[in-house]
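J.: File name start38.cif; file contents mmCIF, C-alpha atoms; chains and numbers go by the auth columns; full text below.
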```
data_my_file
loop_
_atom_site.group_PDB
_atom_site.id
_atom_site.type_symbol
_atom_site.label_atom_id
_atom_site.label_comp_id
_atom_site.label_asym_id
_atom_site.label_seq_id
_atom_site.Cartn_x
_atom_site.Cartn_y
_atom_site.Cartn_z
_atom_site.B_iso_or_equiv
_atom_site.auth_seq_id
_atom_site.auth_asym_id
ATOM 1 C CA MET A 1 14.806 -0.140 6.735 0.00 1 A
ATOM 2 C CA ILE A 2 12.775 -3.318 7.136 0.00 2 A
ATOM 3 C CA ILE A 3 9.141 -2.561 7.933 0.00 3 A
ATOM 4 C CA ALA A 4 7.006 -4.933 9.983 0.00 4 A
ATOM 5 C CA GLU A 5 3.810 -5.031 12.021 0.00 5 A
ATOM 6 C CA ARG A 6 2.781 -7.202 14.943 0.00 6 A
ATOM 7 C CA LYS A 7 0.715 -10.295 14.313 0.00 7 A
ATOM 8 C CA PRO A 8 -2.726 -10.595 15.993 0.00 8 A
ATOM 9 C CA VAL A 9 -2.316 -11.520 19.647 0.00 9 A
ATOM 10 C CA ASN A 10 -4.581 -14.582 19.377 0.00 10 A
ATOM 11 C CA GLU A 11 -2.331 -15.939 16.628 0.00 11 A
ATOM 12 C CA ILE A 12 0.762 -15.480 18.792 0.00 12 A
ATOM 13 C CA VAL A 13 -0.904 -17.047 21.845 0.00 13 A
ATOM 14 C CA ALA A 14 -1.900 -20.042 19.715 0.00 14 A
ATOM 15 C CA MET A 15 1.734 -20.496 18.662 0.00 15 A
ATOM 16 C CA VAL A 16 2.899 -20.805 22.280 0.00 16 A
ATOM 17 C CA ARG A 17 -0.079 -22.787 23.589 0.00 17 A
ATOM 18 C CA ASP A 18 2.235 -25.605 24.748 0.00 18 A
ATOM 19 C CA ALA A 19 4.833 -23.308 26.335 0.00 19 A
ATOM 20 C CA GLU A 20 4.803 -22.413 30.022 0.00 20 A
ATOM 21 C CA ARG A 21 7.917 -20.233 30.107 0.00 21 A
ATOM 22 C CA ILE A 22 8.136 -17.737 27.282 0.00 22 A
ATOM 23 C CA LEU A 23 10.864 -15.256 26.330 0.00 23 A
ATOM 24 C CA VAL A 24 9.508 -12.314 24.321 0.00 24 A
ATOM 25 C CA LEU A 25 12.534 -10.941 22.534 0.00 25 A
ATOM 26 C CA GLY A 26 12.555 -7.471 21.010 0.00 26 A
ATOM 27 C CA CYS A 27 15.033 -5.803 18.696 0.00 27 A
ATOM 28 C CA ARG A 28 16.356 -2.236 18.830 0.00 28 A
ATOM 29 C CA GLY A 29 16.858 -2.195 15.065 0.00 29 A
ATOM 30 C CA CYS A 30 14.337 -1.540 12.311 0.00 30 A
ATOM 31 C CA VAL A 31 11.282 -2.909 14.126 0.00 31 A
ATOM 32 C CA SER A 32 11.935 -0.512 16.984 0.00 32 A
ATOM 33 C CA VAL A 33 11.868 2.472 14.625 0.00 33 A
ATOM 34 C CA CYS A 34 8.585 1.407 13.007 0.00 34 A
ATOM 35 C CA SER A 35 7.084 0.690 16.470 0.00 35 A
ATOM 36 C CA ALA A 36 6.654 -3.041 15.917 0.00 36 A
ATOM 37 C CA GLY A 37 9.213 -4.702 18.172 0.00 37 A
ATOM 38 C CA GLY A 38 11.044 -2.317 20.470 0.00 38 A
ATOM 39 C CA GLU A 39 11.120 -2.237 24.285 0.00 39 A
ATOM 40 C CA ARG A 40 7.648 -0.722 24.625 0.00 40 A
ATOM 41 C CA GLU A 41 6.156 -3.282 22.241 0.00 41 A
ATOM 42 C CA VAL A 42 7.885 -6.139 24.113 0.00 42 A
ATOM 43 C CA GLU A 43 6.355 -5.003 27.393 0.00 43 A
ATOM 44 C CA LEU A 44 2.890 -4.747 25.854 0.00 44 A
ATOM 45 C CA LEU A 45 3.043 -8.115 24.081 0.00 45 A
ATOM 46 C CA SER A 46 4.341 -9.822 27.221 0.00 46 A
ATOM 47 C CA SER A 47 1.283 -8.581 29.108 0.00 47 A
ATOM 48 C CA LEU A 48 -1.065 -9.605 26.309 0.00 48 A
ATOM 49 C CA ILE A 49 0.400 -13.119 26.167 0.00 49 A
ATOM 50 C CA ARG A 50 -0.045 -13.501 29.921 0.00 50 A
ATOM 51 C CA LEU A 51 -3.643 -12.372 29.599 0.00 51 A
ATOM 52 C CA GLY A 52 -4.282 -14.596 26.587 0.00 52 A
ATOM 53 C CA LYS A 53 -2.848 -17.638 28.332 0.00 53 A
ATOM 54 C CA LYS A 54 -4.893 -16.900 31.448 0.00 54 A
ATOM 55 C CA GLN A 55 -8.092 -16.617 29.402 0.00 55 A
ATOM 56 C CA ALA A 56 -7.259 -19.987 27.861 0.00 56 A
ATOM 57 C CA GLY A 57 -6.959 -21.478 31.350 0.00 57 A
ATOM 58 C CA GLN A 58 -3.185 -21.802 31.115 0.00 58 A
ATOM 59 C CA GLN A 59 -0.446 -20.508 33.362 0.00 59 A
ATOM 60 C CA ALA A 60 2.629 -18.887 31.857 0.00 60 A
ATOM 61 C CA GLN A 61 5.766 -17.117 32.968 0.00 61 A
ATOM 62 C CA VAL A 62 6.564 -14.468 30.367 0.00 62 A
ATOM 63 C CA LYS A 63 9.875 -12.638 30.373 0.00 63 A
ATOM 64 C CA GLY A 64 10.562 -9.671 28.086 0.00 64 A
ATOM 65 C CA ALA A 65 13.990 -8.612 26.842 0.00 65 A
ATOM 66 C CA THR A 66 15.445 -6.625 23.957 0.00 66 A
ATOM 67 C CA LEU A 67 18.626 -7.179 21.974 0.00 67 A
ATOM 68 C CA VAL A 68 20.550 -4.512 20.090 0.00 68 A
ATOM 69 C CA ARG A 69 20.052 -6.608 16.952 0.00 69 A
ATOM 70 C CA GLN A 70 18.760 -10.103 16.295 0.00 70 A
ATOM 71 C CA CYS A 71 20.626 -10.428 12.986 0.00 71 A
ATOM 72 C CA ASP A 72 24.087 -10.345 14.552 0.00 72 A
ATOM 73 C CA LYS A 73 25.636 -13.348 16.335 0.00 73 A
ATOM 74 C CA GLU A 74 27.439 -11.082 18.791 0.00 74 A
ATOM 75 C CA TYR A 75 24.126 -9.857 20.186 0.00 75 A
ATOM 76 C CA VAL A 76 22.168 -13.096 19.759 0.00 76 A
ATOM 77 C CA ASP A 77 24.665 -14.781 22.089 0.00 77 A
ATOM 78 C CA GLU A 78 23.177 -12.653 24.896 0.00 78 A
ATOM 79 C CA ILE A 79 20.251 -15.097 24.901 0.00 79 A
ATOM 80 C CA ASP A 80 22.524 -17.564 26.701 0.00 80 A
ATOM 81 C CA GLN A 81 22.031 -15.661 29.964 0.00 81 A
ATOM 82 C CA TRP A 82 18.398 -16.833 30.011 0.00 82 A
ATOM 83 C CA GLN A 83 19.104 -20.420 28.987 0.00 83 A
ATOM 84 C CA GLY A 84 16.868 -22.812 30.938 0.00 84 A
ATOM 85 C CA GLU A 85 14.388 -20.046 31.807 0.00 85 A
ATOM 86 C CA TYR A 86 12.163 -20.458 28.743 0.00 86 A
ATOM 87 C CA ASP A 87 10.425 -23.124 26.655 0.00 87 A
ATOM 88 C CA ALA A 88 9.897 -20.866 23.651 0.00 88 A
ATOM 89 C CA ILE A 89 11.210 -17.628 22.188 0.00 89 A
ATOM 90 C CA VAL A 90 8.745 -15.192 20.640 0.00 90 A
ATOM 91 C CA SER A 91 10.834 -12.948 18.409 0.00 91 A
ATOM 92 C CA MET A 92 9.587 -9.439 17.674 0.00 92 A
ATOM 93 C CA ALA A 93 12.331 -8.918 15.083 0.00 93 A
ATOM 94 C CA CYS A 94 11.782 -9.120 11.341 0.00 94 A
ATOM 95 C CA GLY A 95 11.923 -12.477 9.584 0.00 95 A
ATOM 96 C CA VAL A 96 15.704 -12.145 9.370 0.00 96 A
ATOM 97 C CA GLY A 97 15.989 -12.126 13.151 0.00 97 A
ATOM 98 C CA VAL A 98 13.690 -15.136 13.534 0.00 98 A
ATOM 99 C CA ASN A 99 15.715 -17.109 10.981 0.00 99 A
ATOM 100 C CA PHE A 100 18.995 -16.054 12.560 0.00 100 A
ATOM 101 C CA ILE A 101 18.041 -17.159 16.066 0.00 101 A
ATOM 102 C CA ALA A 102 16.592 -20.432 14.761 0.00 102 A
ATOM 103 C CA ASN A 103 19.869 -21.101 12.913 0.00 103 A
ATOM 104 C CA LEU A 104 22.048 -20.309 15.920 0.00 104 A
ATOM 105 C CA ARG A 105 19.810 -21.989 18.519 0.00 105 A
ATOM 106 C CA PRO A 106 18.595 -25.219 16.847 0.00 106 A
ATOM 107 C CA ALA A 107 17.376 -26.626 20.174 0.00 107 A
ATOM 108 C CA ASP A 108 15.111 -23.635 20.890 0.00 108 A
ATOM 109 C CA LYS A 109 11.564 -23.179 19.656 0.00 109 A
ATOM 110 C CA VAL A 110 11.414 -19.773 17.957 0.00 110 A
ATOM 111 C CA TYR A 111 8.173 -18.127 16.856 0.00 111 A
ATOM 112 C CA PRO A 112 7.556 -14.899 14.884 0.00 112 A
ATOM 113 C CA ALA A 113 5.560 -12.130 16.533 0.00 113 A
ATOM 114 C CA VAL A 114 5.524 -9.774 13.545 0.00 114 A
ATOM 115 C CA ASN A 115 4.785 -9.896 9.832 0.00 115 A
ATOM 116 C CA THR A 116 7.673 -8.522 7.780 0.00 116 A
ATOM 117 C CA SER A 117 6.226 -6.259 5.102 0.00 117 A
ATOM 118 C CA PHE A 118 8.948 -4.624 2.971 0.00 118 A
ATOM 119 C CA PHE A 119 12.101 -2.535 2.769 0.00 119 A
ATOM 120 C CA GLY A 120 11.029 1.062 3.034 0.00 120 A
ATOM 121 C CA GLY A 121 11.484 4.569 4.308 0.00 121 A
ATOM 122 C CA SER A 122 9.463 7.223 6.080 0.00 122 A
ATOM 123 C CA ALA A 123 8.699 10.597 4.563 0.00 123 A
ATOM 124 C CA LEU A 124 6.102 11.392 7.233 0.00 124 A
ATOM 125 C CA GLN A 125 5.959 10.381 10.880 0.00 125 A
ATOM 126 C CA GLY A 126 4.371 6.942 11.137 0.00 126 A
ATOM 127 C CA GLU A 127 3.962 6.466 7.391 0.00 127 A
ATOM 128 C CA TRP A 128 6.144 3.971 5.520 0.00 128 A
ATOM 129 C CA SER A 129 6.510 3.292 1.832 0.00 129 A
ATOM 130 C CA GLU A 130 8.236 0.434 0.016 0.00 130 A
ATOM 131 C CA GLN A 131 11.403 1.558 -1.754 0.00 131 A
ATOM 132 C CA CYS A 132 13.478 -1.583 -2.348 0.00 132 A
ATOM 133 C CA ALA A 133 12.725 -5.244 -3.094 0.00 133 A
ATOM 134 C CA GLY A 134 16.210 -6.530 -2.312 0.00 134 A
ATOM 135 C CA CYS A 135 16.362 -8.068 -5.787 0.00 135 A
ATOM 136 C CA GLY A 136 20.143 -8.531 -5.784 0.00 136 A
ATOM 137 C CA ASP A 137 20.771 -6.757 -9.108 0.00 137 A
ATOM 138 C CA CYS A 138 20.289 -3.024 -8.617 0.00 138 A
ATOM 139 C CA VAL A 139 19.238 -0.970 -11.667 0.00 139 A
ATOM 140 C CA LEU A 140 18.905 2.405 -9.933 0.00 140 A
ATOM 141 C CA HIS A 141 21.774 3.889 -11.959 0.00 141 A
ATOM 142 C CA LEU A 142 19.556 3.447 -15.034 0.00 142 A
ATOM 143 C CA THR A 143 16.319 4.709 -13.522 0.00 143 A
ATOM 144 C CA GLY A 144 17.269 7.938 -11.793 0.00 144 A
ATOM 145 C CA GLY A 145 17.556 6.324 -8.378 0.00 145 A
ATOM 146 C CA LEU A 146 13.922 5.163 -8.360 0.00 146 A
ATOM 147 C CA CYS A 147 13.201 1.425 -8.139 0.00 147 A
ATOM 148 C CA PRO A 148 10.762 -0.039 -10.695 0.00 148 A
ATOM 149 C CA VAL A 149 11.106 -3.538 -9.223 0.00 149 A
ATOM 150 C CA ALA A 150 9.654 -2.516 -5.855 0.00 150 A
ATOM 151 C CA ARG A 151 7.592 0.516 -6.807 0.00 151 A
ATOM 152 C CA CYS A 152 5.919 -0.614 -10.023 0.00 152 A
ATOM 153 C CA ALA A 153 2.887 -2.804 -9.306 0.00 153 A
ATOM 154 C CA LYS A 154 4.056 -5.132 -12.101 0.00 154 A
ATOM 155 C CA SER A 155 7.823 -4.702 -11.551 0.00 155 A
ATOM 156 C CA LEU A 156 8.177 -3.607 -15.179 0.00 156 A
ATOM 157 C CA LEU A 157 11.694 -2.809 -16.374 0.00 157 A
ATOM 158 C CA ASN A 158 10.917 -1.263 -19.784 0.00 158 A
ATOM 159 C CA GLY A 159 8.626 1.619 -19.022 0.00 159 A
ATOM 160 C CA PRO A 160 4.991 1.875 -17.930 0.00 160 A
ATOM 161 C CA CYS A 161 2.201 -0.479 -18.916 0.00 161 A
ATOM 162 C CA GLY A 162 -0.696 0.558 -21.111 0.00 162 A
ATOM 163 C CA GLY A 163 -2.868 1.132 -18.072 0.00 163 A
ATOM 164 C CA SER A 164 -0.911 4.091 -16.769 0.00 164 A
ATOM 165 C CA VAL A 165 -2.991 7.278 -17.174 0.00 165 A
ATOM 166 C CA ASP A 166 -1.971 10.815 -16.218 0.00 166 A
ATOM 167 C CA GLY A 167 0.949 9.517 -14.209 0.00 167 A
ATOM 168 C CA ARG A 168 -1.178 7.220 -12.054 0.00 168 A
ATOM 169 C CA CYS A 169 -0.993 3.425 -11.657 0.00 169 A
ATOM 170 C CA GLU A 170 -3.807 1.356 -13.145 0.00 170 A
ATOM 171 C CA ILE A 171 -3.817 -0.906 -10.084 0.00 171 A
ATOM 172 C CA HIS A 172 -4.846 1.977 -7.848 0.00 172 A
ATOM 173 C CA ARG A 173 -5.331 5.536 -9.044 0.00 173 A
ATOM 174 C CA GLU A 174 -3.971 6.965 -5.796 0.00 174 A
ATOM 175 C CA ILE A 175 -0.580 5.369 -6.490 0.00 175 A
ATOM 176 C CA PRO A 176 1.788 7.377 -8.701 0.00 176 A
ATOM 177 C CA CYS A 177 3.195 5.538 -11.725 0.00 177 A
ATOM 178 C CA ILE A 178 6.854 5.113 -10.845 0.00 178 A
ATOM 179 C CA TRP A 179 7.796 5.036 -14.521 0.00 179 A
ATOM 180 C CA GLN A 180 6.310 8.497 -14.958 0.00 180 A
ATOM 181 C CA ALA A 181 8.464 9.636 -12.043 0.00 181 A
ATOM 182 C CA ILE A 182 11.510 7.929 -13.583 0.00 182 A
ATOM 183 C CA HIS A 183 10.839 9.659 -16.922 0.00 183 A
ATOM 184 C CA ASP A 184 10.464 13.054 -15.240 0.00 184 A
ATOM 185 C CA ARG A 185 13.602 12.615 -13.162 0.00 185 A
ATOM 186 C CA LEU A 186 15.789 11.457 -16.048 0.00 186 A
ATOM 187 C CA SER A 187 14.474 14.326 -18.185 0.00 187 A
ATOM 188 C CA ARG A 188 15.342 16.792 -15.444 0.00 188 A
ATOM 189 C CA PHE A 189 18.961 15.660 -15.591 0.00 189 A
ATOM 190 C CA GLU A 190 18.976 15.333 -19.387 0.00 190 A
ATOM 191 C CA GLN A 191 19.462 11.572 -19.156 0.00 191 A
ATOM 192 C CA GLN A 192 16.508 10.634 -21.367 0.00 192 A
ATOM 193 C CA ALA A 193 18.789 8.328 -23.365 0.00 193 A
ATOM 194 C CA GLU A 194 18.570 5.832 -20.526 0.00 194 A
ATOM 195 C CA LEU A 195 14.884 5.394 -21.407 0.00 195 A
ATOM 196 C CA ASP A 196 15.856 4.025 -24.837 0.00 196 A
ATOM 197 C CA ARG A 197 17.619 1.057 -23.276 0.00 197 A
ATOM 198 C CA VAL A 198 15.740 -2.241 -23.571 0.00 198 A
ATOM 199 C CA ALA A 199 16.151 -4.263 -20.405 0.00 199 A
ATOM 200 C CA PRO A 200 16.778 -7.957 -21.127 0.00 200 A
ATOM 201 C CA ILE A 201 14.738 -10.709 -19.519 0.00 201 A
ATOM 202 C CA ARG A 202 15.473 -10.462 -15.835 0.00 202 A
ATOM 203 C CA ASP A 203 17.753 -13.027 -14.205 0.00 203 A
ATOM 204 C CA TRP A 204 16.278 -13.379 -10.728 0.00 204 A
ATOM 205 C CA ARG A 205 18.986 -15.712 -9.438 0.00 205 A
ATOM 206 C CA PRO A 206 20.944 -12.899 -7.711 0.00 206 A
ATOM 207 C CA ALA A 207 17.870 -12.251 -5.565 0.00 207 A
ATOM 208 C CA GLY A 208 18.678 -15.483 -3.741 0.00 208 A
ATOM 209 C CA HIS A 209 15.368 -16.514 -2.143 0.00 209 A
ATOM 210 C CA GLY A 210 16.875 -19.444 -0.293 0.00 210 A
ATOM 211 C CA GLY A 211 19.990 -19.951 -2.385 0.00 211 A
ATOM 212 C CA PRO A 212 23.565 -19.589 -1.099 0.00 212 A
ATOM 213 C CA ARG A 213 24.965 -16.077 -0.650 0.00 213 A
ATOM 214 C CA LYS A 214 28.641 -15.176 -0.355 0.00 214 A
ATOM 215 C CA ALA A 215 28.138 -13.340 2.941 0.00 215 A
ATOM 216 C CA VAL A 216 26.608 -16.358 4.694 0.00 216 A
ATOM 217 C CA ARG A 217 29.034 -18.416 6.765 0.00 217 A
ATOM 218 C CA ASN A 218 28.465 -22.161 6.783 0.00 218 A
ATOM 219 C CA ASP A 219 28.411 -22.314 10.568 0.00 219 A
ATOM 220 C CA LEU A 220 25.356 -20.012 10.630 0.00 220 A
ATOM 221 C CA THR A 221 23.232 -22.217 8.433 0.00 221 A
ATOM 222 C CA VAL A 222 21.219 -25.277 9.370 0.00 222 A
#
```
Starting from the coordinates I provided, produce the structure as structure tokens.

T.:
Amino acid sequence: MIIAERKPVNEIVAMVRDAERILVLGCRGCVSVCSAGGEREVELLSSLIRLGKKQAGQQAQVKGATLVRQCDKEYVDEIDQWQGEYDAIVSMACGVGVNFIANLRPADKVYPAVNTSFFGGSALQGEWSEQCAGCGDCVLHLTGGLCPVARCAKSLLNGPCGGSVDGRCEIHREIPCIWQAIHDRLSRFEQQAELDRVAPIRDWRPAGHGGPRKAVRNDLTV
């Protein structure tokens, strides 16, 4: 799941300072689950934008709506029903949704309402932890299903650093050393031999970061 949190309201209001008709667009996907961009959050942000614009001496018509997903053309096409009713779209989806709408609607001004944090999961209600970095070359079959790229503070691939003490990370003692957890898990399943492997220098090209990906259709790119 992609985890995000809403930007400060004054930052969002500053983005749309020149807009008089604003569409606040939520997403029922990941940001809804982590309470950053679902229907309730759309309603609240719409009210806050109206208030912020009023305090700035500006008038604004703010409409709130929520799509099933903002990363799927089928659902993004629903925006067409409001065409001509807005000067700017404030997307409460993750960065993927913002990019997707901007690609598909090149004539529309699209602004992000949330900061996308990481790929994570929830073990406790309301608490999220990073589990995956989306690196494009998964090594979990070698590390007992635990990701050193995302969960090691230094993304080390050949065991813990010299600062790891008593199974805790040197960056912050409250953070468990993921390599200690990997060692313990592989030992539990008698797969310690995996720890003897020396990972080669990492090729980060599969991670993409702006490069072409096979799943991207040309008609969805700018």

J.: Would you work out the distance separating CA of Asn10 in chain A from CA of Leu25 in chain A, expressed in Å to one decimal?

T.: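 Computing the Euclidean distance for CA of Asn10 in chain A and CA of Leu25 in chain A yields 17.8 Å.
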
J.: In terms of the shortest atom-to-atom distance over all atoms listed in the file, which of A:Ala65, A:Ala113, A:Cys71, A:Ala107 is closest to Ala14 in chain A?

T.: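 The shortest atom-to-atom distance to Ala14 in chain A comes from A:Ala113.
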
J.: Determine the residue membership of the PyMOL selection byres ((chain A and resi 178) around 12) for the file above and supply it as a count of residues only.

T.: 38

J.: Give me, please, the distance in Å between CA of Val76 in chain A and CA of Val16 in chain A, quoted to one decimal.

T.: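 Computing the Euclidean distance for CA of Val76 in chain A and CA of Val16 in chain A yields 20.9 Å.
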
J.: If you measure from CA of Leu45 in chain A to CA of Gly134 in chain A, what distance in Å do you get, rounded to one decimal?

T.: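 According to the coordinates, CA of Leu45 in chain A and CA of Gly134 in chain A are separated by 29.5 Å.
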
J.: Name the residues that the PyMOL selection byres ((chain A and resi 87) around 8) pulls out of this structure, and write them as a count of residues only.

T.: 12

J.: For the contact check between range 36-145 of chain A and range 187-207 of chain A, emit one row per residue of range 36-145 of chain A within 10 Å, containing the shortest atom pair and the distance in Å rounded to one decimal, counting all atoms listed in the file, chain then rising number order, as a tab-separated table.

T.:
```
residue	atom	partner	partner_atom	distance
A:Ala133	CA	A:Ala207	CA	9.0
A:Gly134	CA	A:Ala207	CA	6.8
A:Cys135	CA	A:Ala207	CA	4.5
A:Gly136	CA	A:Ala207	CA	4.4
A:Asp137	CA	A:Pro206	CA	6.3
A:Cys138	CA	A:Pro206	CA	9.9
A:Val139	CA	A:Ala199	CA	9.8
A:His141	CA	A:Glu194	CA	9.4
A:Leu142	CA	A:Glu194	CA	6.1
A:Thr143	CA	A:Glu194	CA	7.4
A:Gly144	CA	A:Gln191	CA	8.5
```

J.: Step by step, gather every atom of range 191-196 of chain A that the file lists, find the box along x, y and z that holds them, add 3 Å on each side, and finally give centre and edge lengths in Å to one decimal, as AutoDock Vina command-line options.

T.:
```
--center_x 17.2 --center_y 7.8 --center_z -22.0 --size_x 10.6 --size_y 13.5 --size_z 11.7
```

J.: Identify, on the basis of only C-alpha atoms, every residue whose closest approach to Asn115 in chain A does not exceed 7 Å; exclude the query and any residue fewer than 4 positions from it along the same chain; express the result as a ChimeraX atom specification.

T.: /A:4-7

J.: Can you work out which one of A:Met15, A:Ile49, A:Ile101, A:Val96 has the shortest atom-to-atom distance to Lys73 in chain A, counting only C-alpha atoms?

T.: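 Smallest distance to Lys73 in chain A is found for A:Ile101.
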
J.: Any chance you could work out the residue set of the PyMOL selection byres ((chain A and resi 126) around 10) here, as a PyMOL selection string?

T.: chain A and resi 33-35+122-125+127-128

J.: Do a neighbour search on Tyr75 in chain A at 12 Å with all atoms listed in the file, toss out local chain neighbours closer than 4 positions, and write the hits as a count of residues only.

T.: 18

J.: Could you tell me which of A:Leu140, A:Ala93, A:Ile171, A:Leu51 comes closest to Val9 in chain A if we count all atoms listed in the file?

T.: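 Answer, going by the shortest atom-to-atom distance: A:Leu51.
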
J.: Would you fill out range 166-180 of chain A with N, CA and C atoms and return it as a PDB file, in the coordinates of the input?

T.:
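Result written to part-v1.pdb:
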```
ATOM      1  N   ASP A 166      -2.251   9.561 -16.930  1.00  0.00           N
ATOM      2  CA  ASP A 166      -1.971  10.815 -16.218  1.00  0.00           C
ATOM      3  C   ASP A 166      -1.017  10.614 -15.040  1.00  0.00           C
ATOM      4  N   GLY A 167      -0.055   9.721 -15.245  1.00  0.00           N
ATOM      5  CA  GLY A 167       0.949   9.517 -14.209  1.00  0.00           C
ATOM      6  C   GLY A 167       0.470   8.733 -13.016  1.00  0.00           C
ATOM      7  N   ARG A 168      -0.653   8.018 -13.158  1.00  0.00           N
ATOM      8  CA  ARG A 168      -1.178   7.220 -12.054  1.00  0.00           C
ATOM      9  C   ARG A 168      -1.196   5.748 -12.433  1.00  0.00           C
ATOM     10  N   CYS A 169      -1.033   4.874 -11.438  1.00  0.00           N
ATOM     11  CA  CYS A 169      -0.993   3.425 -11.657  1.00  0.00           C
ATOM     12  C   CYS A 169      -2.390   2.886 -11.921  1.00  0.00           C
ATOM     13  N   GLU A 170      -2.502   1.925 -12.850  1.00  0.00           N
ATOM     14  CA  GLU A 170      -3.807   1.356 -13.145  1.00  0.00           C
ATOM     15  C   GLU A 170      -4.311   0.451 -12.022  1.00  0.00           C
ATOM     16  N   ILE A 171      -3.416  -0.050 -11.195  1.00  0.00           N
ATOM     17  CA  ILE A 171      -3.817  -0.906 -10.084  1.00  0.00           C
ATOM     18  C   ILE A 171      -4.597  -0.112  -9.048  1.00  0.00           C
ATOM     19  N   HIS A 172      -4.148   1.104  -8.789  1.00  0.00           N
ATOM     20  CA  HIS A 172      -4.846   1.977  -7.848  1.00  0.00           C
ATOM     21  C   HIS A 172      -4.520   3.415  -8.238  1.00  0.00           C
ATOM     22  N   ARG A 173      -5.539   4.181  -8.521  1.00  0.00           N
ATOM     23  CA  ARG A 173      -5.331   5.536  -9.044  1.00  0.00           C
ATOM     24  C   ARG A 173      -4.669   6.477  -8.044  1.00  0.00           C
ATOM     25  N   GLU A 174      -4.640   6.103  -6.771  1.00  0.00           N
ATOM     26  CA  GLU A 174      -3.971   6.965  -5.796  1.00  0.00           C
ATOM     27  C   GLU A 174      -2.455   6.740  -5.781  1.00  0.00           C
ATOM     28  N   ILE A 175      -2.010   5.684  -6.466  1.00  0.00           N
ATOM     29  CA  ILE A 175      -0.580   5.369  -6.490  1.00  0.00           C
ATOM     30  C   ILE A 175       0.059   5.999  -7.720  1.00  0.00           C
ATOM     31  N   PRO A 176       1.100   6.800  -7.540  1.00  0.00           N
ATOM     32  CA  PRO A 176       1.788   7.377  -8.701  1.00  0.00           C
ATOM     33  C   PRO A 176       2.457   6.284  -9.540  1.00  0.00           C
ATOM     34  N   CYS A 177       2.467   6.458 -10.848  1.00  0.00           N
ATOM     35  CA  CYS A 177       3.195   5.538 -11.725  1.00  0.00           C
ATOM     36  C   CYS A 177       4.685   5.837 -11.570  1.00  0.00           C
ATOM     37  N   ILE A 178       5.440   4.866 -11.082  1.00  0.00           N
ATOM     38  CA  ILE A 178       6.854   5.113 -10.845  1.00  0.00           C
ATOM     39  C   ILE A 178       7.600   5.371 -12.145  1.00  0.00           C
ATOM     40  N   TRP A 179       7.113   4.799 -13.256  1.00  0.00           N
ATOM     41  CA  TRP A 179       7.796   5.036 -14.521  1.00  0.00           C
ATOM     42  C   TRP A 179       7.591   6.468 -15.011  1.00  0.00           C
ATOM     43  N   GLN A 180       6.486   7.076 -14.650  1.00  0.00           N
ATOM     44  CA  GLN A 180       6.310   8.497 -14.958  1.00  0.00           C
ATOM     45  C   GLN A 180       7.323   9.315 -14.161  1.00  0.00           C
TER      46      GLN A 180
END
```
